$ cat model_7.txt   # compact mmCIF, C-alpha atoms (C1' of nucleotides)
# COMPACT_ATOMS: atom_id res chain seq x y z
CA MET U 1162 24.34 28.77 0.39
CA ILE U 1163 25.50 26.01 2.65
CA PHE U 1164 28.95 25.60 1.11
CA SER U 1165 29.56 29.20 0.04
CA ARG U 1166 32.07 29.83 2.82
CA ASP U 1167 34.10 26.85 1.70
CA SER U 1168 37.33 28.13 0.19
CA LYS U 1169 37.25 25.22 -2.26
CA ALA U 1170 34.14 26.77 -3.78
CA LYS U 1171 36.22 29.37 -5.60
CA GLY U 1172 36.20 29.07 -9.34
CA ARG U 1173 33.39 26.54 -9.57
CA THR U 1174 30.66 26.92 -12.10
CA ARG U 1175 27.11 27.41 -11.00
CA GLU U 1176 26.17 23.90 -12.17
CA THR U 1177 29.11 22.31 -10.39
CA LEU U 1178 28.11 24.01 -7.16
CA LYS U 1179 24.58 22.77 -7.59
CA ARG U 1180 25.80 19.19 -8.08
CA GLU U 1181 27.93 19.45 -4.97
CA LEU U 1182 25.00 20.80 -3.03
CA ILE U 1183 22.75 17.96 -4.14
CA ASN U 1184 25.45 15.33 -3.54
CA HIS U 1185 26.04 16.52 0.01
CA PRO U 1186 27.30 14.33 2.85
CA TRP U 1187 24.65 12.82 5.17
CA ASN U 1188 26.28 13.07 8.58
CA LEU U 1189 25.27 16.62 9.44
CA THR U 1190 24.23 18.32 12.64
CA LEU U 1191 20.50 18.90 13.05
CA PRO U 1192 20.59 22.64 12.27
CA ARG U 1193 22.75 22.07 9.21
CA ALA U 1194 20.44 19.31 8.03
CA ALA U 1195 17.48 21.67 8.37
CA ALA U 1196 19.25 24.45 6.47
CA LEU U 1197 20.20 22.01 3.73
CA GLN U 1198 16.61 20.83 3.37
CA SER U 1199 15.44 24.41 2.96
CA GLU U 1200 17.99 25.14 0.29
CA LEU U 1201 17.53 21.89 -1.62
CA ALA U 1202 13.76 22.41 -1.61
CA SER U 1203 14.16 25.33 -4.02
CA HIS U 1204 15.54 22.91 -6.63
CA VAL U 1205 12.60 20.49 -6.50
CA ARG U 1206 10.39 20.61 -9.60
CA LEU U 1207 6.74 19.64 -9.34
CA THR U 1208 6.28 19.22 -13.07
CA PRO U 1209 3.57 17.03 -14.60
CA LEU U 1210 4.51 13.46 -15.46
CA LYS U 1211 4.49 13.02 -19.24
CA GLU U 1212 2.92 9.58 -19.24
CA PRO U 1213 2.34 6.69 -16.85
CA SER U 1214 5.68 5.11 -15.92
CA VAL U 1215 6.41 1.56 -17.02
CA ILE U 1216 9.43 0.64 -14.91
CA VAL U 1217 8.62 1.63 -11.35
CA ALA U 1218 10.34 1.00 -8.02
CA GLY U 1219 9.44 1.03 -4.35
CA ALA U 1220 11.92 1.47 -1.51
CA ASP U 1221 11.26 0.74 2.15
CA ILE U 1222 13.08 0.15 5.42
CA ALA U 1223 12.94 -2.23 8.34
CA GLU U 1224 15.08 -1.64 11.37
CA SER U 1225 16.16 -3.32 14.54
CA ALA U 1226 18.61 -2.36 17.26
CA GLY U 1227 19.96 0.59 15.34
CA GLN U 1228 20.47 -1.31 12.14
CA VAL U 1229 18.67 -0.19 9.02
CA PHE U 1230 17.67 -2.71 6.33
CA ALA U 1231 16.68 -1.27 2.97
CA ALA U 1232 14.95 -3.07 0.12
CA VAL U 1233 14.21 -1.77 -3.36
CA VAL U 1234 11.76 -3.64 -5.58
CA VAL U 1235 11.61 -2.85 -9.30
CA MET U 1236 8.49 -3.80 -11.21
CA ASP U 1237 7.25 -3.71 -14.77
CA SER U 1238 3.88 -2.07 -14.30
CA SER U 1239 2.64 -3.28 -17.67
CA SER U 1240 2.99 -6.92 -16.64
CA GLY U 1241 2.81 -6.45 -12.87
CA LYS U 1242 5.93 -8.58 -12.47
CA VAL U 1243 8.89 -7.97 -10.16
CA ILE U 1244 11.99 -7.66 -12.32
CA GLU U 1245 14.66 -6.85 -9.76
CA ILE U 1246 15.28 -6.63 -6.03
CA SER U 1247 18.19 -4.93 -4.29
CA ARG U 1248 19.04 -4.76 -0.61
CA SER U 1249 21.46 -2.94 1.62
CA HIS U 1250 21.95 -2.56 5.36
CA ALA U 1251 24.04 -0.52 7.77
CA PHE U 1252 23.99 0.97 11.24
CA ALA U 1253 22.03 4.21 11.39
CA ARG U 1254 24.22 7.28 11.71
CA PHE U 1255 21.45 9.82 12.28
CA SER U 1256 18.73 9.89 14.94
CA ALA U 1257 15.15 9.03 14.06
CA ILE U 1258 13.69 12.52 14.29
CA ALA U 1259 10.45 13.39 12.53
CA GLY U 1260 11.25 15.66 9.63
CA TYR U 1261 14.75 14.23 9.13
CA LEU U 1262 14.15 10.67 8.06
CA ALA U 1263 16.10 11.14 4.82
CA PHE U 1264 19.29 11.59 6.83
CA ARG U 1265 18.73 8.29 8.62
CA HIS U 1266 17.42 6.16 5.77
CA GLY U 1267 18.59 8.01 2.68
CA PRO U 1268 22.19 6.84 2.39
CA ILE U 1269 21.24 3.20 2.90
CA ILE U 1270 18.36 3.33 0.42
CA LEU U 1271 20.62 5.02 -2.13
CA LYS U 1272 23.20 2.29 -1.82
CA ALA U 1273 20.58 -0.33 -2.65
CA ILE U 1274 19.35 1.77 -5.59
CA HIS U 1275 22.87 2.20 -6.97
CA GLN U 1276 23.26 -1.58 -7.05
CA LEU U 1277 20.33 -1.91 -9.47
CA ASP U 1278 20.82 -3.02 -13.05
CA HIS U 1279 17.55 -1.39 -14.09
CA THR U 1280 16.79 2.31 -14.20
CA PRO U 1281 13.27 2.90 -12.87
CA GLU U 1282 11.40 5.88 -14.26
CA LEU U 1283 9.51 6.47 -11.03
CA PHE U 1284 10.25 5.76 -7.38
CA PHE U 1285 7.83 5.32 -4.49
CA PHE U 1286 9.28 5.96 -1.05
CA ALA U 1287 7.90 5.18 2.41
CA GLY U 1288 7.55 8.69 3.79
CA HIS U 1289 6.51 12.10 2.56
CA GLY U 1290 7.42 14.12 -0.50
CA VAL U 1291 7.22 17.90 -0.40
CA CYS U 1292 4.44 17.85 2.22
CA HIS U 1293 7.05 18.47 4.88
CA PRO U 1294 7.89 21.29 7.33
CA ARG U 1295 10.74 22.52 5.11
CA PHE U 1296 9.22 21.19 1.86
CA LEU U 1297 11.71 18.35 1.48
CA GLY U 1298 10.58 14.97 2.79
CA LEU U 1299 12.56 11.82 2.04
CA ALA U 1300 10.87 11.20 -1.32
CA ALA U 1301 11.58 14.75 -2.52
CA HIS U 1302 15.14 14.61 -1.22
CA LEU U 1303 16.03 11.31 -2.91
CA GLY U 1304 14.16 12.17 -6.10
CA LEU U 1305 16.15 15.39 -6.38
CA ARG U 1306 19.40 13.60 -5.64
CA MET U 1307 18.79 11.05 -8.41
CA ASP U 1308 17.06 13.52 -10.72
CA ARG U 1309 14.17 11.08 -11.06
CA ALA U 1310 10.42 11.23 -10.57
CA SER U 1311 9.43 10.27 -7.03
CA ILE U 1312 6.36 9.99 -4.81
CA GLY U 1313 6.06 9.85 -1.04
CA CYS U 1314 3.46 7.49 0.48
CA SER U 1315 2.94 7.47 4.22
CA SER U 1316 0.42 6.01 6.61
CA GLU U 1317 0.66 9.00 8.92
CA ARG U 1318 0.45 12.76 8.73
CA LEU U 1319 3.58 14.86 9.17
CA VAL U 1320 2.33 18.41 8.72
CA GLY U 1321 -0.90 20.28 7.99
CA HIS U 1322 -4.56 19.63 8.63
CA TYR U 1323 -7.00 17.56 6.66
CA ASP U 1324 -10.49 16.12 6.43
CA LEU U 1325 -10.97 12.41 5.85
CA PRO U 1326 -11.75 11.46 2.25
CA GLY U 1327 -14.90 9.63 1.17
CA PRO U 1328 -15.19 5.84 1.41
CA LYS U 1329 -14.67 5.01 -2.25
CA ARG U 1330 -11.38 4.01 -3.81
CA GLY U 1331 -9.95 7.16 -5.38
CA ASP U 1332 -11.69 9.54 -2.97
CA HIS U 1333 -9.26 12.10 -1.63
CA THR U 1334 -8.88 15.39 0.20
CA VAL U 1335 -5.97 17.82 0.18
CA VAL U 1336 -3.71 18.57 3.11
CA ARG U 1337 -3.91 22.19 4.25
CA PHE U 1338 -0.39 23.42 4.92
CA SER U 1339 1.34 25.42 2.21
CA PRO U 1340 0.88 25.83 -1.53
CA GLN U 1341 4.55 24.91 -1.82
CA ALA U 1342 3.87 21.59 -0.08
CA PRO U 1343 0.94 19.90 -1.81
CA GLY U 1344 -0.27 16.62 -0.37
CA ALA U 1345 -3.38 14.48 -0.41
CA VAL U 1346 -5.16 11.98 1.80
CA LEU U 1347 -6.03 9.23 -0.62
CA ARG U 1348 -8.37 6.26 -0.25
CA THR U 1349 -6.71 3.45 -2.17
CA GLN U 1350 -9.11 0.75 -0.92
CA PRO U 1351 -12.65 0.94 0.42
CA GLY U 1352 -12.86 0.27 4.13
CA ILE U 1353 -9.11 0.76 4.55
CA ASN U 1354 -7.37 3.76 6.12
CA PRO U 1355 -6.27 6.30 3.54
CA LEU U 1356 -2.72 7.02 2.49
CA PHE U 1357 -0.87 10.33 2.73
CA VAL U 1358 0.49 10.99 -0.73
CA SER U 1359 2.70 13.84 -1.84
CA PRO U 1360 4.84 14.49 -4.89
CA GLY U 1361 8.58 14.16 -4.45
CA HIS U 1362 10.33 15.44 -7.57
CA LYS U 1363 9.50 15.70 -11.28
CA ILE U 1364 5.82 14.99 -10.69
CA ASP U 1365 2.83 17.02 -9.51
CA LEU U 1366 0.11 16.23 -6.99
CA MET U 1367 -2.29 14.97 -9.65
CA GLY U 1368 0.37 12.66 -11.04
CA ALA U 1369 1.28 11.42 -7.58
CA ILE U 1370 -2.35 10.59 -6.87
CA SER U 1371 -3.01 8.89 -10.21
CA GLU U 1372 0.20 6.86 -10.17
CA THR U 1373 -0.39 5.78 -6.59
CA LEU U 1374 -3.94 4.73 -7.47
CA ARG U 1375 -2.85 2.97 -10.63
CA LEU U 1376 -0.36 0.82 -8.71
CA SER U 1377 -2.51 -0.01 -5.69
CA THR U 1378 -5.40 -2.03 -7.01
CA LYS U 1379 -5.51 -4.68 -4.29
CA PHE U 1380 -3.83 -3.28 -1.22
CA ARG U 1381 -3.43 -0.09 0.75
CA PHE U 1382 0.05 0.76 -0.56
CA PRO U 1383 1.17 0.81 -4.19
CA GLU U 1384 2.50 -2.61 -5.12
CA PRO U 1385 6.23 -1.74 -5.43
CA LEU U 1386 6.14 -0.20 -1.95
CA ARG U 1387 4.18 -3.08 -0.48
CA ARG U 1388 6.67 -5.58 -1.91
CA ALA U 1389 9.62 -3.50 -0.69
CA HIS U 1390 8.10 -3.45 2.79
CA ILE U 1391 7.81 -7.22 2.85
CA GLU U 1392 11.29 -7.66 1.39
CA ALA U 1393 12.90 -5.34 3.94
CA GLY U 1394 11.28 -7.26 6.79
CA ARG U 1395 12.43 -10.56 5.31
CA TYR U 1396 15.95 -9.21 4.90
CA MET U 1397 16.06 -8.12 8.53
CA ARG U 1398 14.79 -11.46 9.74
CA GLU U 1399 17.32 -13.40 7.64
CA PHE U 1400 20.07 -11.29 9.11
CA ARG U 1401 18.86 -11.96 12.65
CA ASP U 1402 18.62 -15.69 12.11
CA ASN U 1403 22.17 -15.83 10.78
CA ALA U 1404 23.44 -13.88 13.77
CA ARG U 1405 21.64 -16.20 16.15
CA ILE U 1406 23.32 -19.27 14.69
CA THR U 1407 26.77 -17.70 14.62
CA GLU U 1408 26.45 -16.09 18.01
CA PRO U 1409 24.04 -18.06 20.22
CA LYS U 1410 24.06 -15.63 23.17
CA LYS U 1411 20.43 -14.67 22.96
CA GLN U 1412 17.87 -17.42 23.33
CA SER U 1413 14.12 -17.04 23.46
CA PRO U 1414 12.73 -17.07 26.99
CA ARG U 1415 10.99 -20.18 28.20
C1' DG T 1415 5.44 22.79 31.16
C1' DC T 1416 2.41 20.62 27.30
C1' DG T 1417 1.43 18.73 22.90
C1' DA T 1418 3.24 17.27 18.15
C1' DC T 1419 6.21 14.36 16.02
C1' DA T 1420 7.11 10.42 8.34
C1' DG T 1421 9.96 5.50 9.42
C1' DA V 1024 9.77 1.31 13.17
C1' DT V 1025 9.87 -2.98 16.83
C1' DC V 1026 8.43 -6.37 20.86
C1' DT V 1027 5.21 -11.12 19.42
C1' DT V 1028 1.14 -16.53 19.07
C1' DG V 1029 -2.44 -17.60 17.97
C1' DT V 1030 -6.41 -16.47 15.88
C1' DC V 1031 -10.36 -14.35 13.36
C1' DG V 1032 -12.05 -13.80 8.68
C1' DC V 1033 -12.34 -13.70 3.48

$ encode --input "model_7.txt" --output "structure tokens"
Amino acid sequence: MIFSRDSKAKGRTRETLKRELINHPWNLTLPRAAALQSELASHVRLTPLKEPSVIVAGADIAESAGQVFAAVVVMDSSSGKVIEISRSHAFARFSAIAGYLAFRHGPIILKAIHQLDHTPELFFFAGHGVCHPRFLGLAAHLGLRMDRASIGCSSERLVGHYDLPGPKRGDHTVVRFSPQAPGAVLRTQPGINPLFVSPGHKIDLMGAISETLRLSTKFRFPEPLRRAHIEAGRYMREFRDNARITEPKKQSPR
DNA sequence: GCGACAG
DNA sequence: ATCTTGTCGC
């Protein structure tokens, strides 16, 4: 237990301690972050999704010069319409180390999510779910924190070995790593590189695959994630343009 | 020392 | 992830 040596832990109920564990601070040392991931991973539940989610969200990041720009796009999957967008930015307080992205992006994404008026049933995150060295990628971490269903979608492998899936939309293979860390390589569009999909929290691999497929009918990434990616980039660019007008130090080279 | 390494 | 114009293609 990470916080068991804390004298303040005396007299707390089991549930209270669990909440404190899940609502941990983000500015940890690398070894403490790793230990926390391992402990939190035991609380992740890869349970089947009851039914396809209606209100879904995608969260992605753009960054420049140490600043992280997060965008969350909420969509009504029955109509395919965007119903809300939230953004947040801050200087990164954790290094960009593979396996620890949640500590760099997590707090900023969460701030944007907390600003939402809507309550999405399912979140897509740019990164991995439980297919992670310590079974707790960003999507699993944030899903657990919010106690909401979540899926990780990445364009690159983090752990394990795999064979490429067939060429048809929906073709997929499974990542060989650990039974505790299911993941798939999923072809969402013919002729387009596959996606690495893994369940985050409150969903299983089958659900992660079917929901990702259901929401990516035209592009490589599921629509909420694709929109969030575009929105984060736009947010970052707006911020840059404002800074350039206010502070005209940097001019483009001839 | 060398290769691996989400965004 | 970002640095970056025009350009090829549906």

$ residues_around --input "model_7.txt" --residues "Glu1317 in chain U" --least-positions-apart "6" --cutoff "9 Å" --atoms "only C-alpha atoms (C1' of nucleotides)" --output "ChimeraX atom specification"
/U:1288,1356-1357 /T:1420

$ closest_residue --input "model_7.txt" --among "U:Met1236, U:Met1367, U:Ala1257, U:Ala1393" --to "chain T" --atoms "only C-alpha atoms (C1' of nucleotides)"
U:Ala1257

$ atom_distance --input "model_7.txt" --atom1 "CA of Val1205 in chain U" --atom2 "CA of Ala1218 in chain U"
19.7 Å

$ atom_distance --input "model_7.txt" --atom1 "CA of Ala1342 in chain U" --atom2 "CA of Leu1178 in chain U"
25.4 Å

$ closest_atom_pairs --input "model_7.txt" --of "chain T" --to "chain U" --cutoff "10 Å" --atoms "only C-alpha atoms (C1' of nucleotides)" --output "JSON lines"
{"residue": "T:DA1418", "atom": "C1'", "partner": "U:Leu1319", "partner_atom": "CA", "distance": 9.3}
{"residue": "T:DC1419", "atom": "C1'", "partner": "U:Ala1259", "partner_atom": "CA", "distance": 5.6}
{"residue": "T:DA1420", "atom": "C1'", "partner": "U:Gly1288", "partner_atom": "CA", "distance": 4.9}
{"residue": "T:DG1421", "atom": "C1'", "partner": "U:Leu1262", "partner_atom": "CA", "distance": 6.8}

$ atom_distance --input "model_7.txt" --atom1 "CA of Gln1341 in chain U" --atom2 "CA of Ser1203 in chain U"
9.9 Å

$ interface_residues --input "model_7.txt" --of "chain V" --to "chain U" --cutoff "12 Å" --atoms "only C-alpha atoms (C1' of nucleotides)" --output "short mmCIF file (atom, residue, chain, number, x, y, z; two decimals) with C-alpha atoms (C1' of nucleotides), in the frame of the given file"
data_model
loop_
_atom_site.label_atom_id
_atom_site.label_comp_id
_atom_site.auth_asym_id
_atom_site.auth_seq_id
_atom_site.Cartn_x
_atom_site.Cartn_y
_atom_site.Cartn_z
"C1'" DA V 1024 9.77 1.31 13.17
"C1'" DT V 1025 9.87 -2.98 16.83
"C1'" DC V 1026 8.43 -6.37 20.86
"C1'" DT V 1027 5.21 -11.12 19.42
#

$ residues_around --input "model_7.txt" --residues "His1250 in chain U" --least-positions-apart "3" --cutoff "9 Å" --atoms "all atoms listed in the file" --output "ChimeraX atom specification"
/U:1228-1232,1269-1270,1272-1273,1396-1397

$ axis_aligned_box --input "model_7.txt" --around "chain V" --padding-each-side "6 Å" --output "JSON"
{"center_x": -1.2, "center_y": -8.1, "center_z": 12.2, "size_x": 34.2, "size_y": 30.9, "size_z": 29.4}

$ closest_residue --input "model_7.txt" --among "U:Leu1366, U:Leu1201, U:Ala1389, U:Ala1404" --to "Gly1304 in chain U" --atoms "only C-alpha atoms"
U:Leu1201

$ residues_around --input "model_7.txt" --residues "Lys1242 in chain U" --least-positions-apart "5" --cutoff "12 Å" --atoms "all atoms listed in the file" --output "PyMOL selection string"
chain U and resi 1215-1218+1234-1237+1376+1384-1385+1388

$ residues_around --input "model_7.txt" --residues "range 1307-1312 of chain U" --least-positions-apart "3" --cutoff "9 Å" --atoms "all atoms listed in the file" --output "number ranges by chain"
U: 1210, 1271, 1281-1290, 1300-1304, 1358-1364, 1369-1370, 1372-1373

$ write_last_selection --input "model_7.txt" --atoms "C-alpha atoms" --output "compact mmCIF listing (two decimals), in the frame of the given file"
# COMPACT_ATOMS: atom_id res chain seq x y z
CA LEU U 1210 4.51 13.46 -15.46
CA LEU U 1271 20.62 5.02 -2.13
CA PRO U 1281 13.27 2.90 -12.87
CA GLU U 1282 11.40 5.88 -14.26
CA LEU U 1283 9.51 6.47 -11.03
CA PHE U 1284 10.25 5.76 -7.38
CA PHE U 1285 7.83 5.32 -4.49
CA PHE U 1286 9.28 5.96 -1.05
CA ALA U 1287 7.90 5.18 2.41
CA GLY U 1288 7.55 8.69 3.79
CA HIS U 1289 6.51 12.10 2.56
CA GLY U 1290 7.42 14.12 -0.50
CA ALA U 1300 10.87 11.20 -1.32
CA ALA U 1301 11.58 14.75 -2.52
CA HIS U 1302 15.14 14.61 -1.22
CA LEU U 1303 16.03 11.31 -2.91
CA GLY U 1304 14.16 12.17 -6.10
CA VAL U 1358 0.49 10.99 -0.73
CA SER U 1359 2.70 13.84 -1.84
CA PRO U 1360 4.84 14.49 -4.89
CA GLY U 1361 8.58 14.16 -4.45
CA HIS U 1362 10.33 15.44 -7.57
CA LYS U 1363 9.50 15.70 -11.28
CA ILE U 1364 5.82 14.99 -10.69
CA ALA U 1369 1.28 11.42 -7.58
CA ILE U 1370 -2.35 10.59 -6.87
CA GLU U 1372 0.20 6.86 -10.17
CA THR U 1373 -0.39 5.78 -6.59

$ build_atoms --input "model_7.txt" --residues "range 1245-1256 of chain U" --atoms "N, CA, C and O atoms" --output "PDB file, keeping the file's coordinate frame"
ATOM      1  N   GLU U1245      13.382  -6.912 -10.470  1.00  0.00           N
ATOM      2  CA  GLU U1245      14.660  -6.850  -9.760  1.00  0.00           C
ATOM      3  C   GLU U1245      14.454  -6.447  -8.298  1.00  0.00           C
ATOM      4  O   GLU U1245      13.539  -5.681  -7.984  1.00  0.00           O
ATOM      5  N   ILE U1246      15.312  -6.992  -7.447  1.00  0.00           N
ATOM      6  CA  ILE U1246      15.280  -6.630  -6.030  1.00  0.00           C
ATOM      7  C   ILE U1246      16.712  -6.346  -5.583  1.00  0.00           C
ATOM      8  O   ILE U1246      17.635  -7.061  -5.947  1.00  0.00           O
ATOM      9  N   SER U1247      16.873  -5.276  -4.816  1.00  0.00           N
ATOM     10  CA  SER U1247      18.190  -4.930  -4.290  1.00  0.00           C
ATOM     11  C   SER U1247      18.069  -4.626  -2.804  1.00  0.00           C
ATOM     12  O   SER U1247      17.061  -4.094  -2.355  1.00  0.00           O
ATOM     13  N   ARG U1248      19.098  -4.996  -2.049  1.00  0.00           N
ATOM     14  CA  ARG U1248      19.040  -4.760  -0.610  1.00  0.00           C
ATOM     15  C   ARG U1248      20.366  -4.191  -0.096  1.00  0.00           C
ATOM     16  O   ARG U1248      21.411  -4.387  -0.706  1.00  0.00           O
ATOM     17  N   SER U1249      20.260  -3.511   1.013  1.00  0.00           N
ATOM     18  CA  SER U1249      21.460  -2.940   1.620  1.00  0.00           C
ATOM     19  C   SER U1249      21.172  -2.683   3.097  1.00  0.00           C
ATOM     20  O   SER U1249      20.051  -2.358   3.465  1.00  0.00           O
ATOM     21  N   HIS U1250      22.171  -2.851   3.939  1.00  0.00           N
ATOM     22  CA  HIS U1250      21.950  -2.560   5.360  1.00  0.00           C
ATOM     23  C   HIS U1250      23.172  -1.933   5.988  1.00  0.00           C
ATOM     24  O   HIS U1250      24.298  -2.119   5.511  1.00  0.00           O
ATOM     25  N   ALA U1251      22.946  -1.183   7.063  1.00  0.00           N
ATOM     26  CA  ALA U1251      24.040  -0.520   7.770  1.00  0.00           C
ATOM     27  C   ALA U1251      23.514   0.012   9.100  1.00  0.00           C
ATOM     28  O   ALA U1251      22.298   0.101   9.295  1.00  0.00           O
ATOM     29  N   PHE U1252      24.406   0.344   9.996  1.00  0.00           N
ATOM     30  CA  PHE U1252      23.990   0.970  11.240  1.00  0.00           C
ATOM     31  C   PHE U1252      23.570   2.403  10.954  1.00  0.00           C
ATOM     32  O   PHE U1252      24.232   3.100  10.171  1.00  0.00           O
ATOM     33  N   ALA U1253      22.510   2.841  11.577  1.00  0.00           N
ATOM     34  CA  ALA U1253      22.030   4.210  11.390  1.00  0.00           C
ATOM     35  C   ALA U1253      23.056   5.180  11.953  1.00  0.00           C
ATOM     36  O   ALA U1253      23.636   4.932  13.005  1.00  0.00           O
ATOM     37  N   ARG U1254      23.255   6.271  11.228  1.00  0.00           N
ATOM     38  CA  ARG U1254      24.220   7.280  11.710  1.00  0.00           C
ATOM     39  C   ARG U1254      23.532   8.594  12.046  1.00  0.00           C
ATOM     40  O   ARG U1254      24.192   9.601  12.304  1.00  0.00           O
ATOM     41  N   PHE U1255      22.205   8.593  11.997  1.00  0.00           N
ATOM     42  CA  PHE U1255      21.450   9.820  12.280  1.00  0.00           C
ATOM     43  C   PHE U1255      20.229   9.415  13.092  1.00  0.00           C
ATOM     44  O   PHE U1255      19.625   8.372  12.839  1.00  0.00           O
ATOM     45  N   SER U1256      19.867  10.224  14.079  1.00  0.00           N
ATOM     46  CA  SER U1256      18.730   9.890  14.940  1.00  0.00           C
ATOM     47  C   SER U1256      17.416   9.859  14.164  1.00  0.00           C
ATOM     48  O   SER U1256      17.281  10.515  13.137  1.00  0.00           O
TER      49      SER U1256
END
